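So this block is target00.txt, compact mmCIF, C-alpha atoms and all ligand atoms:
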```
# COMPACT_ATOMS: atom_id res chain seq x y z
CA MET V 170 240.32 195.91 141.39
CA SER V 171 237.47 194.50 139.30
CA MET V 172 234.21 196.36 138.77
CA LYS V 173 232.49 194.06 141.23
CA GLN V 174 235.04 194.65 143.95
CA ALA V 175 234.93 198.40 143.35
CA ALA V 176 231.19 198.27 143.91
CA THR V 177 231.36 196.35 147.19
CA ALA V 178 234.53 197.75 148.74
CA LEU V 179 234.04 200.57 151.28
CA SER V 180 235.78 203.92 151.22
CA VAL V 181 238.44 204.39 153.91
CA ASP V 182 236.21 206.87 155.75
CA GLU V 183 233.19 204.56 155.68
CA ALA V 184 235.29 201.56 156.78
CA ARG V 185 236.70 203.56 159.67
CA ARG V 186 233.27 204.92 160.59
CA ARG V 187 231.92 201.36 160.87
CA ILE V 188 234.93 200.19 162.87
CA LEU V 189 234.62 203.12 165.28
CA GLU V 190 230.90 202.53 165.71
CA THR V 191 231.44 198.88 166.63
CA CYS V 192 234.48 199.59 168.82
CA LEU V 193 232.65 202.32 170.74
CA ASP V 194 230.12 199.63 171.73
CA ARG V 195 233.03 197.55 173.03
CA ARG V 196 234.31 200.15 175.48
CA MET V 197 236.75 198.60 177.94
CA PRO V 198 236.00 198.96 181.65
CA ILE V 199 238.05 201.33 183.81
CA GLU V 200 240.77 200.32 186.28
CA GLN V 201 243.06 202.15 188.65
CA VAL V 202 246.79 201.84 187.95
CA ALA V 203 249.98 203.27 189.37
CA LEU V 204 251.00 206.41 187.50
CA GLU V 205 254.17 204.73 186.21
CA GLU V 206 251.96 202.10 184.54
CA ALA V 207 249.76 204.69 182.86
CA ARG V 208 251.99 205.67 179.93
CA LEU V 209 250.01 205.49 176.64
CA ARG V 210 246.84 204.45 178.44
CA VAL V 211 243.63 206.45 178.00
CA ALA V 212 242.22 208.35 180.99
CA GLY V 213 238.96 206.71 182.05
CA LYS V 214 237.73 209.75 183.97
CA ASP V 215 238.70 213.40 184.19
CA ILE V 216 241.88 213.64 186.26
CA VAL V 217 241.29 216.56 188.61
CA ALA V 218 243.97 218.49 190.51
CA PRO V 219 243.51 217.95 194.27
CA ARG V 220 245.71 220.99 194.93
CA ASP V 221 247.05 224.12 193.30
CA LEU V 222 250.03 224.00 190.97
CA PRO V 223 252.31 225.59 191.92
CA PRO V 224 251.10 225.11 195.47
CA PHE V 225 252.72 228.36 196.73
CA ALA V 226 254.12 231.58 195.26
CA ASN V 227 257.78 231.00 194.46
CA SER V 228 260.74 232.44 192.66
CA ALA V 229 261.27 231.80 188.95
CA MET V 230 264.96 232.75 189.13
CA ASP V 231 268.01 232.79 191.36
CA GLY V 232 268.24 236.30 192.80
CA PHE V 233 266.88 238.55 195.51
CA ALA V 234 263.32 238.65 196.81
CA LEU V 235 262.11 242.11 197.80
CA ARG V 236 259.14 244.45 198.02
CA GLY V 237 258.28 246.01 194.65
CA ALA V 238 257.64 249.30 196.45
CA ASP V 239 261.36 249.40 197.32
CA LEU V 240 262.52 249.39 193.68
CA PRO V 241 264.21 252.72 192.81
CA SER V 242 262.57 254.99 190.22
CA ASP V 243 265.99 256.37 189.42
CA GLY V 244 269.57 255.64 190.43
CA THR V 245 270.13 252.76 192.84
CA ARG V 246 268.71 251.52 196.12
CA ARG V 247 270.57 249.78 198.96
CA LEU V 248 268.63 246.97 200.68
CA ARG V 249 269.61 245.05 203.78
CA ILE V 250 269.97 241.29 203.13
CA ALA V 251 267.73 239.82 205.82
CA GLY V 252 268.44 236.11 205.04
CA THR V 253 268.46 233.35 202.45
CA ARG V 254 265.58 231.23 201.15
CA LEU V 255 266.61 228.02 199.39
CA ALA V 256 264.21 225.78 197.41
CA GLY V 257 262.51 223.36 199.81
CA SER V 258 262.97 225.54 202.92
CA ALA V 259 260.04 227.11 204.78
CA HIS V 260 261.88 228.58 207.75
CA GLU V 261 260.56 231.83 209.18
CA LEU V 262 261.68 234.77 207.03
CA SER V 263 259.88 237.98 206.29
CA ILE V 264 260.95 240.97 204.31
CA GLY V 265 260.30 244.42 205.71
CA PRO V 266 260.67 247.78 203.94
CA GLY V 267 264.27 248.35 202.83
CA GLU V 268 265.07 244.63 203.08
CA CYS V 269 265.60 241.70 200.71
CA ALA V 270 266.56 238.01 200.85
CA ARG V 271 268.73 235.80 198.69
CA ILE V 272 266.44 233.33 196.93
CA THR V 273 266.86 230.32 194.61
CA THR V 274 264.62 229.09 191.79
CA GLY V 275 261.54 227.34 193.13
CA ALA V 276 261.96 228.65 196.68
CA LEU V 277 258.92 229.81 198.66
CA LEU V 278 258.63 233.59 198.40
CA PRO V 279 259.30 235.09 201.88
CA ALA V 280 256.45 236.94 203.55
CA GLY V 281 256.36 240.57 202.49
CA ALA V 282 258.22 240.01 199.19
CA ASP V 283 256.39 240.27 195.85
CA THR V 284 259.24 240.71 193.38
CA VAL V 285 262.47 238.96 192.45
CA VAL V 286 265.47 240.71 190.89
CA ILE V 287 267.86 238.30 189.19
CA LYS V 288 271.25 237.74 190.73
CA GLU V 289 273.15 239.01 187.68
CA ARG V 290 271.64 242.49 188.11
CA VAL V 291 272.37 242.97 191.82
CA ARG V 292 275.65 244.15 193.33
CA VAL V 293 276.39 242.84 196.80
CA GLU V 294 278.51 244.69 199.37
CA GLY V 295 278.71 242.71 202.60
CA GLU V 296 275.15 242.44 203.93
CA THR V 297 273.80 244.98 201.46
CA ALA V 298 272.29 244.36 198.02
CA ILE V 299 272.33 247.26 195.55
CA VAL V 300 269.48 247.31 193.05
CA GLN V 301 269.36 249.61 190.03
CA VAL V 302 266.56 251.46 188.30
CA GLY V 303 264.75 249.49 185.54
CA GLU V 304 263.45 246.47 187.47
CA THR V 305 259.77 245.51 187.29
CA VAL V 306 257.41 245.17 190.24
CA GLY V 307 256.19 241.56 190.52
CA ALA V 308 258.85 240.20 188.14
CA HIS V 309 260.13 236.58 188.30
CA VAL V 310 257.45 235.44 190.72
CA ARG V 311 255.37 232.34 189.93
CA PRO V 312 252.04 232.90 191.71
CA ALA V 313 250.30 230.00 193.45
CA ALA V 314 247.92 228.11 191.10
CA GLU V 315 249.11 229.94 187.96
CA ASP V 316 249.35 226.57 186.19
CA PHE V 317 246.40 224.54 187.55
CA ARG V 318 243.95 225.46 190.31
CA ALA V 319 242.68 222.84 192.77
CA GLY V 320 239.53 221.30 191.24
CA GLU V 321 240.62 221.98 187.66
CA THR V 322 240.92 219.11 185.17
CA VAL V 323 244.52 218.24 184.37
CA VAL V 324 243.75 215.47 181.84
CA GLN V 325 240.30 214.93 180.38
CA ALA V 326 238.61 211.55 180.19
CA GLY V 327 239.50 209.98 176.85
CA GLU V 328 242.91 211.65 176.54
CA ARG V 329 245.98 209.48 176.23
CA ILE V 330 248.54 209.72 179.04
CA THR V 331 251.49 211.29 177.25
CA PHE V 332 254.80 211.94 178.98
CA ALA V 333 253.81 215.57 179.52
CA ARG V 334 250.50 214.52 181.07
CA MET V 335 252.36 212.12 183.35
CA ALA V 336 254.35 215.11 184.62
CA ALA V 337 251.18 217.13 185.24
CA ILE V 338 249.49 214.26 187.11
CA ALA V 339 252.59 213.71 189.27
CA SER V 340 252.87 217.46 189.93
CA VAL V 341 249.46 217.62 191.54
CA GLY V 342 250.49 214.69 193.75
CA LEU V 343 248.49 211.81 192.26
CA ALA V 344 250.20 208.40 192.41
CA THR V 345 247.40 206.46 190.73
CA VAL V 346 245.09 207.17 187.81
CA GLU V 347 241.92 205.66 186.42
CA VAL V 348 242.44 204.46 182.89
CA SER V 349 240.66 202.18 180.43
CA CYS V 350 241.69 198.55 180.72
CA ARG V 351 244.02 197.44 177.96
CA PRO V 352 242.20 195.53 175.24
CA ARG V 353 243.76 192.02 175.16
CA VAL V 354 244.88 191.37 171.60
CA THR V 355 246.03 188.15 169.95
CA LEU V 356 248.23 188.64 166.92
CA LEU V 357 248.36 185.79 164.40
CA THR V 358 250.32 185.63 161.16
CA THR V 359 249.48 183.26 158.31
CA GLY V 360 251.53 182.03 155.34
CA ASP V 361 253.31 178.73 154.64
CA GLU V 362 256.16 180.66 153.06
CA LEU V 363 257.15 182.36 156.31
CA VAL V 364 260.09 181.56 158.57
CA MET V 365 261.05 183.28 161.82
CA PRO V 366 264.22 185.40 161.71
CA GLY V 367 267.16 183.47 163.12
CA HIS V 368 266.12 180.27 161.34
CA THR V 369 267.24 178.98 157.96
CA CYS V 370 265.17 180.19 155.06
CA SER V 371 265.08 177.75 152.13
CA LEU V 372 264.23 178.51 148.52
CA ALA V 373 260.72 180.00 148.18
CA GLN V 374 260.59 181.01 151.82
CA ILE V 375 260.80 184.51 153.31
CA TYR V 376 261.11 185.84 156.83
CA ASN V 377 258.07 186.83 158.84
CA SER V 378 258.17 190.61 159.19
CA ASN V 379 254.53 191.50 159.83
CA GLY V 380 254.59 189.83 163.24
CA TYR V 381 257.24 192.33 164.23
CA SER V 382 255.83 195.49 162.65
CA LEU V 383 252.37 194.77 164.03
CA SER V 384 253.69 193.98 167.51
CA ALA V 385 255.61 197.25 167.45
CA MET V 386 252.54 199.23 166.37
CA LEU V 387 250.41 197.44 168.99
CA ALA V 388 252.92 198.43 171.67
CA MET V 389 252.15 202.07 170.88
CA SER V 390 248.40 201.52 170.98
CA GLY V 391 247.90 200.94 174.69
CA VAL V 392 246.83 197.29 174.26
CA ARG V 393 248.08 194.09 175.88
CA GLN V 394 249.29 191.45 173.44
CA ILE V 395 248.44 188.00 174.73
CA ALA V 396 250.17 184.70 173.96
CA ALA V 397 248.76 182.67 171.10
CA GLY V 398 248.75 179.26 172.77
CA ALA V 399 250.37 176.37 170.91
CA THR V 400 251.05 178.52 167.86
CA ASP V 401 253.02 181.16 169.76
CA THR V 402 256.36 181.96 168.17
CA GLY V 403 257.88 183.26 171.39
CA ALA V 404 258.10 186.70 169.80
CA GLY V 405 254.71 187.85 171.08
CA PHE V 406 252.58 186.55 168.23
CA GLY V 407 251.33 183.24 166.84
CA HIS V 408 252.12 181.86 163.42
CA LEU V 409 249.67 179.54 161.68
CA GLY V 410 250.96 178.82 158.20
CA ASP V 411 248.13 178.24 155.75
CA ASP V 412 246.46 175.26 157.40
CA VAL V 413 242.72 175.89 157.50
CA GLY V 414 242.23 173.69 160.57
CA ARG V 415 244.97 175.41 162.53
CA ILE V 416 243.67 178.83 161.59
CA ARG V 417 240.15 177.83 162.64
CA ASP V 418 241.36 176.50 166.01
CA ALA V 419 243.55 179.51 166.68
CA LEU V 420 240.74 181.97 165.87
CA SER V 421 238.34 180.12 168.20
CA ALA V 422 240.89 180.01 171.02
CA ALA V 423 241.84 183.67 170.58
CA ALA V 424 238.17 184.69 170.58
CA GLU V 425 237.75 182.95 173.95
CA GLN V 426 240.73 184.70 175.49
CA GLY V 427 240.81 188.23 174.22
CA ASP V 428 239.00 191.37 173.14
CA ALA V 429 240.47 191.54 169.65
CA ILE V 430 242.25 189.36 167.11
CA ILE V 431 244.57 190.75 164.49
CA THR V 432 245.69 188.54 161.62
CA SER V 433 248.10 189.13 158.77
CA GLY V 434 247.80 187.55 155.32
CA GLY V 435 245.36 185.03 153.93
CA VAL V 436 242.54 187.52 153.50
CA SER V 437 242.61 187.99 149.74
CA VAL V 438 241.16 185.76 147.03
CA GLY V 439 244.11 183.35 146.63
CA GLU V 440 243.97 179.56 146.95
CA ALA V 441 245.19 179.68 150.57
CA ASP V 442 243.22 182.73 151.70
CA TYR V 443 240.94 181.12 154.29
CA LEU V 444 240.16 184.05 156.58
CA PRO V 445 237.04 185.49 154.92
CA ARG V 446 235.42 182.06 154.95
CA LEU V 447 236.50 181.24 158.51
CA VAL V 448 235.39 184.55 160.01
CA GLY V 449 232.00 184.04 158.39
CA GLU V 450 231.85 180.45 159.65
CA LEU V 451 232.94 181.14 163.25
CA GLY V 452 231.35 184.55 163.67
CA ARG V 453 230.30 187.46 161.53
CA MET V 454 231.98 189.48 158.84
CA HIS V 455 231.17 193.21 159.06
CA PHE V 456 232.88 194.10 155.81
CA TRP V 457 235.63 192.93 153.51
CA LYS V 458 237.67 195.17 151.21
CA VAL V 459 238.39 198.86 151.44
CA ARG V 460 239.08 201.21 148.55
CA MET V 461 242.65 201.93 149.62
CA ARG V 462 246.09 201.26 148.22
CA PRO V 463 247.95 199.55 149.64
CA GLY V 464 245.60 197.47 151.75
CA MET V 465 242.48 196.68 149.78
CA PRO V 466 241.59 193.17 151.09
CA PHE V 467 241.11 194.30 154.70
CA LEU V 468 238.39 192.50 156.64
CA PHE V 469 236.57 193.50 159.82
CA GLY V 470 234.37 191.11 161.74
CA GLU V 471 233.77 189.48 165.09
CA ILE V 472 234.01 186.02 166.59
CA GLY V 473 232.27 185.57 169.93
CA LYS V 474 233.21 188.54 172.12
CA ALA V 475 236.32 189.39 170.13
CA LEU V 476 236.59 191.83 167.26
CA VAL V 477 238.60 190.54 164.31
CA PHE V 478 240.80 192.69 162.08
CA CYS V 479 242.27 190.73 159.16
CA LEU V 480 245.09 192.62 157.47
CA PRO V 481 246.48 191.85 154.03
CA GLY V 482 249.92 190.25 154.11
CA ASN V 483 251.99 192.57 151.96
CA PRO V 484 254.14 194.33 154.54
CA VAL V 485 253.18 197.90 153.65
CA SER V 486 249.50 196.96 153.28
CA THR V 487 249.70 195.60 156.81
CA MET V 488 251.12 198.87 158.11
CA ALA V 489 248.74 201.15 156.20
CA THR V 490 245.62 199.25 157.24
CA PHE V 491 246.80 199.14 160.84
CA LEU V 492 247.43 202.90 160.95
CA ALA V 493 244.31 203.93 159.02
CA LEU V 494 241.80 201.43 160.44
CA VAL V 495 242.93 199.19 163.30
CA GLY V 496 244.71 201.81 165.44
CA PRO V 497 241.62 204.07 165.50
CA GLY V 498 239.46 201.05 166.42
CA LEU V 499 241.72 200.07 169.31
CA ALA V 500 241.76 203.70 170.50
CA ALA V 501 237.95 203.81 170.42
CA MET V 502 237.80 200.60 172.50
CA GLN V 503 239.87 202.47 175.07
CA GLY V 504 237.46 205.39 175.08
CA SER V 505 239.75 207.78 173.23
CA ARG V 506 238.20 211.19 172.56
CA ASN V 507 240.06 211.51 169.29
CA PRO V 508 240.66 208.06 167.85
CA LEU V 509 241.26 209.28 164.30
CA PRO V 510 244.84 209.28 163.05
CA ARG V 511 246.48 212.66 163.55
CA MET V 512 246.94 214.45 160.24
CA HIS V 513 249.30 217.18 159.07
CA SER V 514 249.36 219.19 155.91
CA ALA V 515 252.38 219.71 153.71
CA LYS V 516 253.28 221.02 150.28
CA LEU V 517 254.08 218.35 147.74
CA ALA V 518 257.73 218.52 146.72
CA SER V 519 257.16 216.70 143.43
CA ALA V 520 254.15 216.01 141.22
CA ILE V 521 252.27 212.72 141.56
CA ARG V 522 249.96 210.84 139.23
CA LYS V 523 247.53 208.09 140.17
CA SER V 524 245.50 205.91 137.87
CA HIS V 525 243.00 204.25 140.22
CA ASP V 526 239.90 205.16 142.27
CA ARG V 527 241.23 204.15 145.66
CA THR V 528 242.69 206.30 148.43
CA GLU V 529 246.44 206.06 148.06
CA PHE V 530 248.80 206.08 151.01
CA LEU V 531 252.06 207.27 149.53
CA ARG V 532 255.29 206.81 151.46
CA ALA V 533 256.90 210.20 151.92
CA ARG V 534 259.58 212.07 153.76
CA VAL V 535 258.13 215.17 155.39
CA GLU V 536 260.58 217.91 156.35
CA VAL V 537 260.53 221.63 156.99
CA ASP V 538 262.65 223.21 154.25
CA ASP V 539 265.06 226.18 154.47
CA GLU V 540 262.14 228.59 153.98
CA GLY V 541 260.24 227.08 156.91
CA ILE V 542 257.70 225.33 154.69
CA CYS V 543 256.65 221.78 155.50
CA ARG V 544 257.16 219.70 152.35
CA ALA V 545 256.36 216.08 151.55
CA TRP V 546 258.82 214.23 149.28
CA PRO V 547 257.24 211.10 147.78
CA LEU V 548 259.79 208.28 147.94
CA ALA V 549 260.82 205.69 145.39
CA GLY V 550 259.84 202.08 146.07
CA GLN V 551 256.08 202.40 146.55
CA GLY V 552 255.26 198.70 145.99
CA SER V 553 253.14 197.26 148.80
CA ALA V 554 255.72 194.49 149.26
CA MET V 555 258.67 196.90 149.29
CA LEU V 556 260.05 198.04 152.60
CA ARG V 557 262.60 200.60 151.38
CA GLY V 558 260.05 203.39 150.87
CA VAL V 559 258.42 202.92 154.25
CA VAL V 560 261.78 202.52 155.98
CA GLU V 561 262.84 205.93 154.66
CA ALA V 562 259.42 207.54 155.17
CA ASN V 563 258.14 209.43 158.18
CA GLY V 564 254.63 209.89 156.84
CA LEU V 565 252.03 208.65 154.38
CA VAL V 566 250.58 211.22 151.97
CA VAL V 567 246.86 210.53 151.70
CA VAL V 568 245.75 210.97 148.09
CA PRO V 569 241.92 211.01 147.94
CA GLU V 570 239.99 208.55 145.78
CA SER V 571 238.95 211.01 143.10
CA THR V 572 242.34 212.73 142.77
CA ARG V 573 244.32 211.67 139.70
CA GLU V 574 247.15 214.15 139.65
CA LEU V 575 248.71 216.61 142.02
CA ASP V 576 251.31 219.18 141.02
CA SER V 577 254.41 220.06 142.93
CA GLY V 578 253.49 222.74 145.50
CA GLU V 579 249.91 221.56 146.05
CA MET V 580 248.81 221.04 149.64
CA VAL V 581 248.33 217.43 150.74
CA THR V 582 247.30 215.66 153.92
CA VAL V 583 249.94 213.52 155.62
CA MET V 584 249.40 210.79 158.18
CA PRO V 585 252.62 210.74 160.24
CA LEU V 586 254.21 207.38 160.98
CA PRO V 587 254.00 207.34 164.77
CA ASP V 588 257.56 206.52 165.81
CA CYS V 589 259.52 208.01 162.90
CA PRO V 590 261.42 211.23 163.54
P1 LIG V 601 248.74 187.22 151.47
O1 LIG V 601 247.99 188.42 151.97
O2 LIG V 601 248.73 186.08 152.43
O3 LIG V 601 248.27 186.85 150.12
O4 LIG V 601 250.23 187.68 151.34
C1 LIG V 601 250.59 188.71 150.44
C2 LIG V 601 252.08 188.86 150.38
O5 LIG V 601 252.56 189.26 151.64
C3 LIG V 601 252.82 187.60 150.03
O6 LIG V 601 253.90 187.93 149.19
C4 LIG V 601 253.32 187.09 151.36
O7 LIG V 601 254.46 186.31 151.25
C5 LIG V 601 253.57 188.36 152.11
N1 LIG V 601 253.41 188.16 153.54
C6 LIG V 601 252.34 187.63 154.14
N2 LIG V 601 252.50 187.58 155.48
C7 LIG V 601 253.74 188.09 155.72
C8 LIG V 601 254.50 188.28 156.90
N3 LIG V 601 254.01 187.96 158.09
N4 LIG V 601 255.73 188.81 156.77
C9 LIG V 601 256.21 189.15 155.57
N5 LIG V 601 255.55 189.00 154.42
C10 LIG V 601 254.32 188.46 154.49
MG MG V 602 249.31 184.18 152.41
```
Represent the structure contained in this file as structure tokens.
Ligand code: AMP
Ligand code: MG
Amino acid sequence: MSMKQAATALSVDEARRRILETCLDRRMPIEQVALEEARLRVAGKDIVAPRDLPPFANSAMDGFALRGADLPSDGTRRLRIAGTRLAGSAHELSIGPGECARITTGALLPAGADTVVIKERVRVEGETAIVQVGETVGAHVRPAAEDFRAGETVVQAGERITFARMAAIASVGLATVEVSCRPRVTLLTTGDELVMPGHTCSLAQIYNSNGYSLSAMLAMSGVRQIAAGATDTGAGFGHLGDDVGRIRDALSAAAEQGDAIITSGGVSVGEADYLPRLVGELGRMHFWKVRMRPGMPFLFGEIGKALVFCLPGNPVSTMATFLALVGPGLAAMQGSRNPLPRMHSAKLASAIRKSHDRTEFLRARVEVDDEGICRAWPLAGQGSAMLRGVVEANGLVVVPESTRELDSGEMVTVMPLPDCP
């Protein structure tokens, strides 16, 4: 990076702050969708329980329901088995003094009972259950509303619908939810050297990989990828080569159709890097260049009603800028309460040195070691064009701008790669 670039490029935090500010102004409207469609969407309003969960007091175990007052304080106690209560049954059954009922997990507690003794600790002789000293009054009963009470918020507005939240919403009986509309995103790759996998690659050509990594990351971001018209590759994204006219037309068309445009490549200072000029010509550039490595020549702007994120073409630069900058922006458009990337901390497993003033995103394997300590192992193959490091990684260690060296054992911040175990 030259002195001039260093002076104009934004820090990662400042770049993200500006993206979030603009994206918050572009909040998507809210729509109602079937619960099964809501996965990874962002709740548009608080989702409130219309009824208690659990809706009735029930047994947490298979066993015998009885009155706590009947439990023996020493020796054993014989109780008459008055009936059986299976999960799902509400037939008339009440437990009087000296009585009990067989009960299964999740079954409605019979009237009169307040305690369950597990099956394994009860001896049965004909119609009599024999309970021993040592049981606890009130044990193994799940009281009504112990989880959520009617009127309580199950998922707050701005929270993403995770699989666990889907279970909670279903459990309170809601079949539909109000979520932010999906931002419609056009993904366009540039580069005359690129060929789609499955086709013959001649000398000097390489396969298009960013179209695939970006589509995969977009699929986790709650957005809807839209077809790129005549340039569509059939794989969910358009490819434009390095033809300035085609890029101009595709940007204009995408700006008409969608809420955001994401491009890969052509945003640096090379002979065929037309994007900075075209975004300025067709719309407005908010900023160009971020003090990060990989990923410096990132550009953020807008054309018409669409926001434009131009990502550098080196495959790891594409991923790092998406995770650090674009993903948070798309989350903010969906009204996310916490659009920032989730961060962990870990102990560095080996020392690192850095010789530049940019924030470094270092490919690392993060594992809990034998002593239970979370450690980050920086991987070999850190070039921004090299996939090996990122293929083996499950996180990116974020090395701050001013840091030059970190010793083994120092604490670092790690941005997890979203779908890597
Ligand atoms: P650029 O940002 O266009 O200067 O590209 C930088 C590097 O990334 C070049 O080596 C390109 O060949 C490579 N590259 C650009 N786009 C892609 C892509 N879609 N898939 C794989 N590599 C790419
Ligand atoms: Mg290029």
Set up a box along x, y and z of the file covering all listed atoms of ligand LIG 601 (chain V), add 4 Å on every one of the six sides, and write the centre and edge lengths in Å to one decimal, as JSON.
```
{"center_x": 252.1, "center_y": 187.7, "center_z": 153.6, "size_x": 16.2, "size_y": 11.2, "size_z": 16.9}
```
At a cut-off of 12 Å, using only C-alpha atoms, what residues contact segment 240-247 of chain V? Leave out same-chain residues fewer than 4 positions from it and give the result as an mmCIF file with C-alpha atoms, in the frame of the given file.
```
data_model
loop_
_atom_site.group_PDB
_atom_site.id
_atom_site.type_symbol
_atom_site.label_atom_id
_atom_site.label_comp_id
_atom_site.auth_asym_id
_atom_site.auth_seq_id
_atom_site.Cartn_x
_atom_site.Cartn_y
_atom_site.Cartn_z
ATOM 1 C CA PHE V 233 266.880 238.550 195.510
ATOM 2 C CA ALA V 234 263.320 238.650 196.810
ATOM 3 C CA LEU V 235 262.110 242.110 197.800
ATOM 4 C CA ARG V 236 259.140 244.450 198.020
ATOM 5 C CA PRO V 266 260.670 247.780 203.940
ATOM 6 C CA GLY V 267 264.270 248.350 202.830
ATOM 7 C CA GLU V 268 265.070 244.630 203.080
ATOM 8 C CA CYS V 269 265.600 241.700 200.710
ATOM 9 C CA ALA V 282 258.220 240.010 199.190
ATOM 10 C CA ASP V 283 256.390 240.270 195.850
ATOM 11 C CA THR V 284 259.240 240.710 193.380
ATOM 12 C CA VAL V 285 262.470 238.960 192.450
ATOM 13 C CA VAL V 286 265.470 240.710 190.890
ATOM 14 C CA ARG V 290 271.640 242.490 188.110
ATOM 15 C CA VAL V 291 272.370 242.970 191.820
ATOM 16 C CA ARG V 292 275.650 244.150 193.330
ATOM 17 C CA VAL V 293 276.390 242.840 196.800
ATOM 18 C CA GLU V 294 278.510 244.690 199.370
ATOM 19 C CA GLY V 295 278.710 242.710 202.600
ATOM 20 C CA GLU V 296 275.150 242.440 203.930
ATOM 21 C CA THR V 297 273.800 244.980 201.460
ATOM 22 C CA ALA V 298 272.290 244.360 198.020
ATOM 23 C CA ILE V 299 272.330 247.260 195.550
ATOM 24 C CA VAL V 300 269.480 247.310 193.050
ATOM 25 C CA GLN V 301 269.360 249.610 190.030
ATOM 26 C CA VAL V 302 266.560 251.460 188.300
ATOM 27 C CA GLY V 303 264.750 249.490 185.540
ATOM 28 C CA GLU V 304 263.450 246.470 187.470
ATOM 29 C CA THR V 305 259.770 245.510 187.290
ATOM 30 C CA VAL V 306 257.410 245.170 190.240
ATOM 31 C CA GLY V 307 256.190 241.560 190.520
ATOM 32 C CA ALA V 308 258.850 240.200 188.140
#
```
Discussion item. Taking all atoms listed in the file and a cut-off of 7 Å, can you tell me which residues surround ligand LIG 601 (chain V), written as a list of chain:residue names?
Written reply: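 Within the 7 Å cut-off, the matching residues are V:Thr358, V:Thr359, V:Gly360, V:Glu362, V:Leu363, V:Ile375, V:Tyr376, V:Asn377, V:Ser378, V:Asn379, V:Gly380, V:Ser433, V:Gly434, V:Gly435, V:Val436, V:Ser437, V:Gly439, V:Asp442, V:Pro481, V:Gly482, V:Asn483, V:Pro484, V:Ala554.
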Worksheet item: Can you tell me, as a PyMOL selection string, what residues are no more than 9 Å from Ala397 of chain V when counting all atoms listed in the file, ignoring any on the same chain fewer than 3 positions away?
Response: chain V and resi 355-357+400-402+405-408+419+422-423
Discussion item. For a test of reading the model, state the distance in Å between atom CA of Ala229 of chain V and atom CA of Leu204 of chain V, rounded to one decimal.
Written reply: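 Between these atoms lies a distance of 27.4 Å.
Between atom CA of Leu499 of chain V and atom CA of Arg186 of chain V the interatomic distance comes to 13.1 Å.
Taking atom CA of Leu509 of chain V and atom CA of Ser180 of chain V as the two end points, the separation is 15.2 Å.
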Contacts of Leu494 of chain V within 8 Å, all atoms listed in the file, excl. fewer than 6 positions in-chain, as a PDB file with C-alpha atoms, keeping the file's coordinate frame:
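Generated file (around06.pdb):
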```
ATOM      1  CA  VAL V 181     238.440 204.390 153.910  1.00  0.00           C
ATOM      2  CA  ALA V 184     235.290 201.560 156.780  1.00  0.00           C
ATOM      3  CA  ARG V 185     236.700 203.560 159.670  1.00  0.00           C
ATOM      4  CA  ILE V 188     234.930 200.190 162.870  1.00  0.00           C
TER       5      ILE V 188
END
```
Item to complete: Counting all atoms listed in the file, figure out which residue out of V:Ser577, V:Ser553, V:Thr432, V:Ser258 gets nearest to ligand MG 602 (chain V).
Response: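 Closest to ligand MG 602 (chain V), using all atoms listed in the file: V:Thr432.
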Practice prompt. Name all residues at most 12 Å from Asp576 of chain V (count all atoms listed in the file; drop same-chain ones fewer than 3 positions away) and give them as a PyMOL selection string.
Written response: chain V and resi 516-523+572-573+579-581
Worksheet entry | Neighbour list for segment 452-460 of chain V as a count of residues only, cut-off 6 Å, all atoms listed in the file, skip fewer than 3 positions in-chain | 14
Practice prompt. Have a look at V:Glu347, V:Pro224, V:Ala373, V:Asp361 and name the one nearest to ligand MG 602 (chain V); count only C-alpha atoms and all ligand atoms.
Written response: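 That would be V:Asp361, the residue with the smallest distance to ligand MG 602 (chain V).
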